[in-house]
$ cat target_28.txt   # compact mmCIF, C-alpha atoms
# COMPACT_ATOMS: atom_id res chain seq x y z
CA MET A 1 -21.88 -2.42 -11.98
CA GLU A 2 -21.04 1.09 -13.18
CA ILE A 3 -17.53 1.74 -14.54
CA PHE A 4 -16.63 5.37 -15.14
CA LYS A 5 -13.73 6.43 -17.35
CA SER A 6 -14.37 10.13 -16.81
CA LYS A 7 -14.23 11.99 -13.49
CA SER A 8 -16.87 14.44 -14.70
CA ASP A 9 -19.29 11.60 -15.49
CA LEU A 10 -18.74 10.07 -12.05
CA LEU A 11 -19.09 13.40 -10.27
CA ASN A 12 -22.35 13.98 -12.12
CA ALA A 13 -23.57 10.51 -11.09
CA ILE A 14 -22.92 11.11 -7.38
CA LYS A 15 -23.76 14.81 -7.12
CA ASN A 16 -27.02 14.20 -5.28
CA HIS A 17 -25.73 11.50 -2.93
CA LYS A 18 -26.55 11.72 0.76
CA GLY A 19 -24.45 10.36 3.58
CA ALA A 20 -20.79 9.43 3.76
CA LEU A 21 -18.71 8.82 0.65
CA GLY A 22 -16.09 6.08 0.95
CA LEU A 23 -13.08 5.60 -1.31
CA VAL A 24 -10.72 2.67 -1.81
CA PRO A 25 -7.81 3.68 -4.11
CA THR A 26 -6.23 0.76 -6.00
CA MET A 27 -4.07 0.04 -9.03
CA GLY A 28 -6.18 -2.98 -9.92
CA GLY A 29 -4.98 -6.56 -9.75
CA ILE A 30 -7.77 -6.92 -7.20
CA HIS A 31 -7.21 -9.61 -4.57
CA GLU A 32 -8.67 -10.50 -1.19
CA GLY A 33 -6.64 -7.73 0.48
CA HIS A 34 -8.39 -5.11 -1.64
CA LEU A 35 -11.75 -6.83 -1.24
CA SER A 36 -11.46 -6.71 2.56
CA LEU A 37 -11.06 -2.91 2.34
CA ILE A 38 -13.96 -2.62 -0.09
CA ARG A 39 -16.26 -4.76 2.08
CA ARG A 40 -15.54 -2.61 5.12
CA ALA A 41 -15.96 0.62 3.19
CA PHE A 42 -19.24 -0.58 1.70
CA LYS A 43 -20.61 -1.27 5.19
CA GLU A 44 -19.49 2.07 6.61
CA ASN A 45 -20.53 4.46 3.83
CA SER A 46 -23.72 5.24 1.95
CA ILE A 47 -21.90 5.51 -1.38
CA MET A 48 -18.67 3.84 -2.49
CA ILE A 49 -15.99 4.49 -5.09
CA VAL A 50 -13.17 2.12 -5.97
CA SER A 51 -10.52 3.72 -8.14
CA ILE A 52 -8.47 1.52 -10.48
CA PHE A 53 -5.51 3.34 -12.01
CA VAL A 54 -1.99 2.10 -12.63
CA ASN A 55 -0.20 5.30 -11.73
CA PRO A 56 2.89 5.66 -13.97
CA ILE A 57 4.69 8.27 -11.86
CA GLN A 58 5.02 6.03 -8.80
CA PHE A 59 7.09 3.46 -10.71
CA ASP A 60 10.86 3.90 -10.92
CA ASN A 61 11.22 0.84 -13.13
CA ALA A 62 9.69 0.75 -16.62
CA ILE A 63 9.68 -3.05 -16.65
CA ASP A 64 7.83 -3.15 -13.32
CA LEU A 65 5.23 -0.74 -14.72
CA LYS A 66 4.77 -2.84 -17.85
CA LYS A 67 4.43 -6.08 -15.85
CA TYR A 68 1.84 -4.71 -13.43
CA PRO A 69 -1.39 -6.75 -13.81
CA ARG A 70 -4.22 -5.08 -15.72
CA ASN A 71 -7.56 -6.83 -16.09
CA LEU A 72 -10.46 -4.45 -15.55
CA THR A 73 -13.09 -7.05 -16.47
CA ARG A 74 -11.83 -9.45 -13.79
CA ASP A 75 -11.43 -6.67 -11.22
CA ALA A 76 -14.96 -5.37 -11.81
CA SER A 77 -16.38 -8.88 -11.55
CA LEU A 78 -14.76 -9.42 -8.13
CA ILE A 79 -15.97 -6.04 -6.87
CA SER A 80 -19.52 -6.65 -8.15
CA GLU A 81 -19.72 -9.77 -5.95
CA ILE A 82 -19.71 -7.39 -2.97
CA SER A 83 -22.28 -5.07 -4.55
CA ASP A 84 -23.21 -3.86 -8.00
CA LYS A 85 -23.91 -0.45 -6.43
CA ILE A 86 -20.18 0.24 -5.99
CA LYS A 87 -18.93 2.75 -8.51
CA ILE A 88 -15.62 2.01 -10.22
CA TYR A 89 -13.48 4.88 -11.44
CA ALA A 90 -11.05 3.52 -14.05
CA PRO A 91 -9.67 6.58 -15.87
CA ASN A 92 -7.01 6.89 -18.52
CA GLN A 93 -3.89 8.93 -17.86
CA GLU A 94 -5.24 12.10 -19.46
CA ASP A 95 -8.34 12.19 -17.27
CA VAL A 96 -6.07 12.25 -14.21
CA TYR A 97 -3.09 14.32 -15.30
CA GLY A 98 -4.19 16.12 -18.44
CA LYS A 99 -2.30 15.92 -21.71
CA LYS A 100 1.08 16.27 -20.00
CA ILE A 101 2.08 14.95 -16.58
CA LYS A 102 3.54 17.66 -14.37
CA PRO A 103 4.16 15.97 -11.01
CA LYS A 104 3.82 18.09 -7.91
CA LYS A 105 6.62 17.88 -5.34
CA TYR A 106 5.90 17.31 -1.66
CA SER A 107 7.86 17.51 1.57
CA PHE A 108 7.15 14.64 3.93
CA LYS A 109 10.16 15.39 6.14
CA LYS A 110 11.73 12.02 6.96
CA LEU A 111 8.76 9.78 6.17
CA ASP A 112 9.83 9.24 2.56
CA LYS A 113 13.58 9.17 3.24
CA VAL A 114 13.69 5.67 4.74
CA MET A 115 12.95 2.09 3.68
CA GLU A 116 10.95 2.16 0.42
CA GLY A 117 11.84 5.81 -0.01
CA ILE A 118 15.49 4.81 -0.39
CA LYS A 119 14.85 1.81 -2.59
CA ARG A 120 12.23 3.42 -4.84
CA GLU A 121 13.14 6.99 -5.66
CA ASN A 122 10.16 9.34 -6.22
CA HIS A 123 7.73 6.49 -5.48
CA PHE A 124 5.93 8.24 -2.65
CA ASN A 125 5.88 11.54 -4.49
CA GLY A 126 4.06 9.71 -7.28
CA VAL A 127 1.65 8.14 -4.80
CA ALA A 128 0.92 11.53 -3.26
CA ASN A 129 0.09 13.04 -6.67
CA ILE A 130 -2.64 10.50 -7.42
CA ILE A 131 -3.99 10.55 -3.86
CA GLU A 132 -4.23 14.36 -3.87
CA PHE A 133 -6.09 14.15 -7.18
CA LEU A 134 -8.57 11.61 -5.76
CA PHE A 135 -9.02 13.53 -2.50
CA LYS A 136 -9.67 16.87 -4.20
CA THR A 137 -11.81 15.42 -6.99
CA PHE A 138 -14.19 13.35 -4.86
CA ASN A 139 -13.71 14.80 -1.35
CA PRO A 140 -14.52 11.51 0.41
CA GLU A 141 -15.31 11.30 4.12
CA ASN A 142 -13.48 7.99 4.55
CA VAL A 143 -10.54 6.45 2.67
CA TYR A 144 -9.25 2.94 3.35
CA PHE A 145 -5.66 1.64 3.29
CA GLY A 146 -4.08 -1.63 4.37
CA GLU A 147 -1.29 -1.98 6.93
CA LYS A 148 0.88 -3.99 4.51
CA ASP A 149 1.90 -0.71 2.88
CA TYR A 150 2.39 0.93 6.26
CA GLN A 151 4.88 3.54 5.08
CA GLN A 152 2.45 4.59 2.37
CA LEU A 153 -0.27 4.84 5.03
CA GLN A 154 1.85 7.31 7.03
CA ILE A 155 2.62 9.30 3.87
CA VAL A 156 -1.10 9.60 3.12
CA ARG A 157 -1.78 10.75 6.68
CA SER A 158 0.89 13.40 6.27
CA LEU A 159 -0.55 14.45 2.91
CA ASN A 160 -3.98 14.83 4.50
CA LYS A 161 -2.46 17.38 6.90
CA ILE A 162 -0.46 19.14 4.17
CA LEU A 163 -3.66 19.60 2.13
CA ARG A 164 -5.49 20.72 5.27
CA MET A 165 -8.24 18.23 4.60
CA SER A 166 -10.12 16.37 7.30
CA ILE A 167 -10.57 13.04 5.54
CA ASN A 168 -10.70 9.99 7.80
CA ILE A 169 -7.78 7.73 6.88
CA ILE A 170 -8.92 4.25 7.92
CA GLN A 171 -6.14 1.77 8.75
CA CYS A 172 -7.06 -1.84 8.00
CA PRO A 173 -5.18 -5.04 8.94
CA THR A 174 -2.99 -6.92 6.48
CA ILE A 175 -4.77 -9.83 4.82
CA ARG A 176 -2.67 -12.97 4.50
CA SER A 177 -2.88 -16.30 2.73
CA LYS A 178 -3.06 -19.44 4.87
CA ASN A 179 0.74 -19.71 4.87
CA GLY A 180 1.10 -16.17 6.24
CA LEU A 181 2.24 -14.42 3.06
CA ALA A 182 0.81 -10.89 2.87
CA LEU A 183 -1.48 -10.65 -0.15
CA SER A 184 -0.10 -8.51 -2.95
CA SER A 185 -0.67 -8.13 -6.68
CA ARG A 186 3.03 -8.93 -7.08
CA ASN A 187 2.61 -12.41 -5.60
CA GLN A 188 1.37 -13.71 -8.95
CA ASN A 189 4.84 -13.04 -10.38
CA LEU A 190 6.37 -15.69 -8.08
CA THR A 191 7.23 -19.10 -9.51
CA SER A 192 5.93 -22.18 -7.69
CA ASN A 193 9.33 -22.61 -6.01
CA GLU A 194 9.43 -18.95 -5.00
CA GLN A 195 5.90 -19.23 -3.58
CA SER A 196 7.19 -21.94 -1.25
CA ILE A 197 9.96 -19.61 -0.05
CA ALA A 198 7.90 -16.42 0.38
CA PRO A 199 6.10 -17.44 3.62
CA GLU A 200 9.49 -17.32 5.37
CA ILE A 201 9.11 -13.53 5.45
CA TYR A 202 6.14 -13.60 7.80
CA LYS A 203 7.58 -16.50 9.82
CA CYS A 204 10.64 -14.34 10.39
CA LEU A 205 8.51 -11.40 11.54
CA LEU A 206 6.65 -13.61 13.99
CA ASP A 207 9.97 -14.76 15.44
CA VAL A 208 11.12 -11.14 15.66
CA LYS A 209 7.99 -10.38 17.67
CA LYS A 210 8.94 -13.11 20.14
CA MET A 211 12.58 -12.00 20.26
CA ALA A 212 11.55 -8.39 20.90
CA LYS A 213 10.59 -9.32 24.45
CA VAL A 214 14.02 -10.65 25.43
CA ASN A 215 16.67 -9.85 22.80
CA SER A 216 18.54 -6.69 21.87
CA TYR A 217 18.02 -4.93 18.55
CA GLU A 218 21.51 -5.98 17.43
CA GLU A 219 20.77 -9.62 18.22
CA ILE A 220 17.53 -9.46 16.28
CA GLN A 221 19.24 -7.84 13.27
CA ASN A 222 21.94 -10.51 13.23
CA GLU A 223 19.36 -13.30 13.43
CA VAL A 224 17.30 -11.88 10.55
CA SER A 225 20.38 -11.38 8.33
CA SER A 226 21.66 -14.87 9.08
CA ARG A 227 18.27 -16.40 8.39
CA PHE A 228 17.94 -15.01 4.88
CA LEU A 229 21.55 -15.70 3.95
CA LYS A 230 20.69 -19.39 4.27
CA ILE A 231 17.76 -19.21 1.83
CA LYS A 232 18.63 -19.51 -1.86
CA GLN A 233 17.01 -17.07 -4.32
CA CYS A 234 16.42 -14.69 -1.40
CA ASN A 235 17.99 -11.26 -0.99
CA LEU A 236 17.23 -9.31 2.18
CA GLU A 237 17.07 -5.67 1.06
CA TYR A 238 16.38 -4.20 4.48
CA PHE A 239 15.16 -5.03 7.95
CA THR A 240 14.49 -2.31 10.47
CA ILE A 241 12.59 -1.68 13.68
CA SER A 242 11.18 1.82 13.57
CA ASN A 243 8.89 4.23 15.34
CA PRO A 244 5.37 3.65 13.96
CA LYS A 245 4.62 7.38 13.64
CA THR A 246 7.90 8.92 12.47
CA LEU A 247 9.29 5.75 10.81
CA GLU A 248 12.71 6.61 12.27
CA GLU A 249 14.83 3.58 13.10
CA ILE A 250 15.19 2.97 16.82
CA ASN A 251 18.54 3.22 18.61
CA SER A 252 20.22 0.27 20.26
CA THR A 253 19.26 1.68 23.66
CA ASP A 254 15.58 2.24 22.82
CA SER A 255 12.84 -0.09 23.93
CA ILE A 256 11.86 -2.42 21.09
CA LEU A 257 8.28 -3.02 22.21
CA GLY A 258 5.78 -0.47 20.97
CA ASN A 259 7.58 -0.07 17.66
CA ARG A 260 7.15 -1.79 14.29
CA ALA A 261 9.38 -4.18 12.35
CA PHE A 262 9.68 -3.64 8.59
CA ILE A 263 11.22 -5.94 6.00
CA ALA A 264 11.80 -6.05 2.25
CA VAL A 265 12.97 -9.21 0.51
CA LYS A 266 13.63 -9.87 -3.14
CA ILE A 267 12.77 -13.42 -4.17
CA GLY A 268 13.90 -14.05 -7.71
CA ASP A 269 12.79 -10.92 -9.58
CA THR A 270 9.96 -10.03 -7.19
CA ARG A 271 10.21 -7.58 -4.29
CA LEU A 272 7.98 -8.29 -1.31
CA ILE A 273 7.47 -6.07 1.73
CA ASP A 274 5.84 -6.76 5.08
CA ASN A 275 5.70 -5.38 8.61
CA ILE A 276 4.44 -6.28 12.04
CA GLU A 277 3.55 -4.44 15.22
CA LEU A 278 5.82 -5.27 18.18
CA SER A 279 3.31 -4.86 20.98
$ encode --input "target_28.txt" --output "structure tokens"
Amino acid sequence: MEIFKSKSDLLNAIKNHKGALGLVPTMGGIHEGHLSLIRRAFKENSIMIVSIFVNPIQFDNAIDLKKYPRNLTRDASLISEISDKIKIYAPNQEDVYGKKIKPKKYSFKKLDKVMEGIKRENHFNGVANIIEFLFKTFNPENVYFGEKDYQQLQIVRSLNKILRMSINIIQCPTIRSKNGLALSSRNQNLTSNEQSIAPEIYKCLLDVKKMAKVNSYEEIQNEVSSRFLKIKQCNLEYFTISNPKTLEEINSTDSILGNRAFIAVKIGDTRLIDNIELS
């Protein structure tokens, strides 16, 4: 397993590669959700890069940044079980941003003005900075993202157009534990009691999917709000049904089917997000 700290060393190592280059960007804390992306990318490309970089400018909370899991040895071990031919890019901050971070500003129209964009100021601008760096540095043919972070997925698609690049943004399904909880590096911050509560998020989304066929948007909103008010240690931050392309919330008169339900819940000190297609 090759781990590169320097972009120039990695570029030198892959300069003679033939065939498609695949990229899976991560912040580490590798779990089965990441591994599912890496497995698919490894099958579909002749050479593979997994980036591991805890990007400081996408955090609006210093405590959250400090708490984010960092264990490169463990992450590399999990990735090597797929293949020891996968190249890991695990740079320090200077290799990415130079001696001083000067974040670039982007305009994503309304994509970053809703949901997580409201709750986490500058988050998506920070995400776009690191993704642009990875895109321009390695120029991959295919890049893989999970549906759990669906808003981020749409931001990256928009960025691809802004940069006038023709990278294939591959959308991959959310990977869940047996109880339905969407896998996330943040899940490890949940206490045992909170872990028993967290599956209610996905159960709620499944019920929303059923209600979408017969109930109004207002009725669904009331049911979701009422449901989480009854659960101790749970704070519903937002629930919305939105257009899957524009992420704009639907109107009360719009058809619910064909859109996507998004939810963010804080359980104890941990924020969890999820979404589901309302087909």
$ closest_residue --input "target_28.txt" --among "A:Glu132, A:Glu44, A:Asp149, A:Glu2" --to "Tyr89 (chain A)" --atoms "all atoms listed in the file"
A:Glu2
$ closest_residue --input "target_28.txt" --among "A:Leu11, A:Leu65, A:Val114, A:Ile155" --to "Ile88 (chain A)" --atoms "only C-alpha atoms"
A:Leu11
$ residues_around --input "target_28.txt" --residues "region 156-163 of chain A" --least-positions-apart "5" --cutoff "7 Å" --atoms "all atoms listed in the file" --output "list of chain:residue names"
A:Phe108, A:Ala128, A:Ile169
$ residues_around --input "target_28.txt" --residues "Asp60 (chain A)" --least-positions-apart "5" --cutoff "9 Å" --atoms "all atoms listed in the file" --output "MDAnalysis selection string"
chainID A and resid 65 120:123
$ write_last_selection --input "target_28.txt" --atoms "C-alpha atoms" --output "PDB file, in the coordinates of the input"
ATOM      1  CA  LEU A  65       5.230  -0.740 -14.720  1.00  0.00           C
ATOM      2  CA  ARG A 120      12.230   3.420  -4.840  1.00  0.00           C
ATOM      3  CA  GLU A 121      13.140   6.990  -5.660  1.00  0.00           C
ATOM      4  CA  ASN A 122      10.160   9.340  -6.220  1.00  0.00           C
ATOM      5  CA  HIS A 123       7.730   6.490  -5.480  1.00  0.00           C
TER       6      HIS A 123
END
$ residues_around --input "target_28.txt" --residues "Glu249 (chain A)" --least-positions-apart "4" --cutoff "9 Å" --atoms "all atoms listed in the file" --output "CSV table (one decimal) with C-alpha atoms, keeping the file's coordinate frame"
chain,number,residue,atom,x,y,z
A,114,VAL,CA,13.7,5.7,4.7
A,240,THR,CA,14.5,-2.3,10.5
A,241,ILE,CA,12.6,-1.7,13.7
A,242,SER,CA,11.2,1.8,13.6
A,243,ASN,CA,8.9,4.2,15.3
$ closest_residue --input "target_28.txt" --among "A:Gly19, A:Gly126, A:Gly98, A:Pro199" --to "Leu272 (chain A)" --atoms "all atoms listed in the file"
A:Pro199
$ closest_residue --input "target_28.txt" --among "A:Ile57, A:Ile131, A:Val143, A:Leu10" --to "Ile38 (chain A)" --atoms "all atoms listed in the file"
A:Val143
$ atom_distance --input "target_28.txt" --atom1 "CA of Phe228 (chain A)" --atom2 "CA of Arg260 (chain A)"
19.5 Å
$ atom_distance --input "target_28.txt" --atom1 "CA of Leu183 (chain A)" --atom2 "CA of Lys136 (chain A)"
29.0 Å
$ closest_residue --input "target_28.txt" --among "A:Ile82, A:Leu257, A:Leu190, A:Ala76" --to "Gly29 (chain A)" --atoms "only C-alpha atoms"
A:Ala76
$ axis_aligned_box --input "target_28.txt" --around "region 57-61 of chain A" --padding-each-side "3 Å" --output "AutoDock Vina command-line options"
--center_x 8.0 --center_y 4.6 --center_z -11.0 --size_x 12.5 --size_y 13.4 --size_z 10.3
$ atom_distance --input "target_28.txt" --atom1 "CA of Gly22 (chain A)" --atom2 "CA of Asn142 (chain A)"
4.8 Å
$ closest_residue --input "target_28.txt" --among "A:Leu153, A:Ala13, A:Val265, A:Leu206" --to "Asn168 (chain A)" --atoms "only C-alpha atoms"
A:Leu153
$ residues_around --input "target_28.txt" --residues "Glu223 (chain A)" --least-positions-apart "6" --cutoff "12 Å" --atoms "only C-alpha atoms" --output "ChimeraX atom specification"
/A:204-205,207-208,211-212,215-217,229-230,239
$ residues_around --input "target_28.txt" --residues "Lys87 (chain A)" --least-positions-apart "4" --cutoff "9 Å" --atoms "only C-alpha atoms" --output "ChimeraX atom specification"
/A:1-4,10,47-51
$ build_atoms --input "target_28.txt" --residues "region 6-17 of chain A" --atoms "all heavy atoms" --output "mmCIF file, in the frame of the given file"
data_model
loop_
_atom_site.group_PDB
_atom_site.id
_atom_site.type_symbol
_atom_site.label_atom_id
_atom_site.label_comp_id
_atom_site.auth_asym_id
_atom_site.auth_seq_id
_atom_site.Cartn_x
_atom_site.Cartn_y
_atom_site.Cartn_z
ATOM 1 N N SER A 6 -14.488 8.675 -16.919
ATOM 2 C CA SER A 6 -14.370 10.130 -16.810
ATOM 3 C C SER A 6 -14.751 10.605 -15.417
ATOM 4 O O SER A 6 -15.802 10.218 -14.886
ATOM 5 C CB SER A 6 -15.269 10.803 -17.852
ATOM 6 O OG SER A 6 -15.530 12.149 -17.520
ATOM 7 N N LYS A 7 -13.920 11.450 -14.822
ATOM 8 C CA LYS A 7 -14.230 11.990 -13.490
ATOM 9 C C LYS A 7 -15.474 12.860 -13.534
ATOM 10 O O LYS A 7 -16.266 12.858 -12.583
ATOM 11 C CB LYS A 7 -13.038 12.780 -12.937
ATOM 12 C CG LYS A 7 -12.570 13.948 -13.779
ATOM 13 C CD LYS A 7 -11.382 14.644 -13.120
ATOM 14 C CE LYS A 7 -10.842 15.781 -13.972
ATOM 15 N NZ LYS A 7 -10.084 15.282 -15.142
ATOM 16 N N SER A 8 -15.686 13.578 -14.623
ATOM 17 C CA SER A 8 -16.870 14.440 -14.700
ATOM 18 C C SER A 8 -18.145 13.618 -14.754
ATOM 19 O O SER A 8 -19.160 13.990 -14.151
ATOM 20 C CB SER A 8 -16.770 15.356 -15.934
ATOM 21 O OG SER A 8 -16.641 14.597 -17.118
ATOM 22 N N ASP A 9 -18.107 12.476 -15.441
ATOM 23 C CA ASP A 9 -19.290 11.600 -15.490
ATOM 24 C C ASP A 9 -19.584 11.029 -14.105
ATOM 25 O O ASP A 9 -20.746 10.941 -13.697
ATOM 26 C CB ASP A 9 -19.061 10.453 -16.477
ATOM 27 C CG ASP A 9 -19.095 10.917 -17.928
ATOM 28 O OD1 ASP A 9 -19.563 12.048 -18.174
ATOM 29 O OD2 ASP A 9 -18.648 10.153 -18.802
ATOM 30 N N LEU A 10 -18.538 10.629 -13.387
ATOM 31 C CA LEU A 10 -18.740 10.070 -12.050
ATOM 32 C C LEU A 10 -19.234 11.129 -11.083
ATOM 33 O O LEU A 10 -20.151 10.889 -10.280
ATOM 34 C CB LEU A 10 -17.440 9.430 -11.549
ATOM 35 C CG LEU A 10 -17.459 8.848 -10.131
ATOM 36 C CD1 LEU A 10 -18.653 7.923 -9.921
ATOM 37 C CD2 LEU A 10 -16.156 8.107 -9.843
ATOM 38 N N LEU A 11 -18.650 12.319 -11.141
ATOM 39 C CA LEU A 11 -19.090 13.400 -10.270
ATOM 40 C C LEU A 11 -20.558 13.747 -10.521
ATOM 41 O O LEU A 11 -21.319 14.019 -9.583
ATOM 42 C CB LEU A 11 -18.216 14.644 -10.475
ATOM 43 C CG LEU A 11 -16.811 14.557 -9.889
ATOM 44 C CD1 LEU A 11 -15.943 15.703 -10.389
ATOM 45 C CD2 LEU A 11 -16.845 14.547 -8.356
ATOM 46 N N ASN A 12 -20.957 13.708 -11.774
ATOM 47 C CA ASN A 12 -22.350 13.980 -12.120
ATOM 48 C C ASN A 12 -23.275 12.888 -11.558
ATOM 49 O O ASN A 12 -24.381 13.173 -11.090
ATOM 50 C CB ASN A 12 -22.512 14.060 -13.636
ATOM 51 C CG ASN A 12 -23.898 14.512 -14.049
ATOM 52 O OD1 ASN A 12 -24.373 15.582 -13.669
ATOM 53 N ND2 ASN A 12 -24.584 13.672 -14.831
ATOM 54 N N ALA A 13 -22.767 11.639 -11.568
ATOM 55 C CA ALA A 13 -23.570 10.510 -11.090
ATOM 56 C C ALA A 13 -23.771 10.531 -9.579
ATOM 57 O O ALA A 13 -24.774 10.001 -9.077
ATOM 58 C CB ALA A 13 -22.922 9.197 -11.514
ATOM 59 N N ILE A 14 -22.824 11.137 -8.852
ATOM 60 C CA ILE A 14 -22.920 11.110 -7.380
ATOM 61 C C ILE A 14 -23.272 12.476 -6.789
ATOM 62 O O ILE A 14 -23.288 12.628 -5.565
ATOM 63 C CB ILE A 14 -21.596 10.611 -6.750
ATOM 64 C CG1 ILE A 14 -20.450 11.592 -7.026
ATOM 65 C CG2 ILE A 14 -21.253 9.212 -7.246
ATOM 66 C CD1 ILE A 14 -19.148 11.242 -6.305
ATOM 67 N N LYS A 15 -23.586 13.444 -7.619
ATOM 68 C CA LYS A 15 -23.760 14.810 -7.120
ATOM 69 C C LYS A 15 -24.894 14.970 -6.120
ATOM 70 O O LYS A 15 -24.876 15.864 -5.278
ATOM 71 C CB LYS A 15 -23.941 15.785 -8.293
ATOM 72 C CG LYS A 15 -25.206 15.558 -9.105
ATOM 73 C CD LYS A 15 -25.259 16.551 -10.273
ATOM 74 C CE LYS A 15 -26.518 16.328 -11.116
ATOM 75 N NZ LYS A 15 -26.549 17.274 -12.279
ATOM 76 N N ASN A 16 -25.880 14.090 -6.192
ATOM 77 C CA ASN A 16 -27.020 14.200 -5.280
ATOM 78 C C ASN A 16 -26.978 13.169 -4.151
ATOM 79 O O ASN A 16 -27.971 12.950 -3.464
ATOM 80 C CB ASN A 16 -28.325 14.047 -6.061
ATOM 81 C CG ASN A 16 -28.544 15.182 -7.047
ATOM 82 O OD1 ASN A 16 -28.263 16.339 -6.747
ATOM 83 N ND2 ASN A 16 -29.031 14.843 -8.231
ATOM 84 N N HIS A 17 -25.811 12.543 -3.954
ATOM 85 C CA HIS A 17 -25.730 11.500 -2.930
ATOM 86 C C HIS A 17 -25.853 12.093 -1.527
ATOM 87 O O HIS A 17 -25.447 13.228 -1.280
ATOM 88 C CB HIS A 17 -24.425 10.704 -3.063
ATOM 89 C CG HIS A 17 -23.271 11.298 -2.320
ATOM 90 N ND1 HIS A 17 -22.446 12.247 -2.866
ATOM 91 C CD2 HIS A 17 -22.803 11.080 -1.056
ATOM 92 C CE1 HIS A 17 -21.519 12.591 -1.995
ATOM 93 N NE2 HIS A 17 -21.705 11.904 -0.880
#
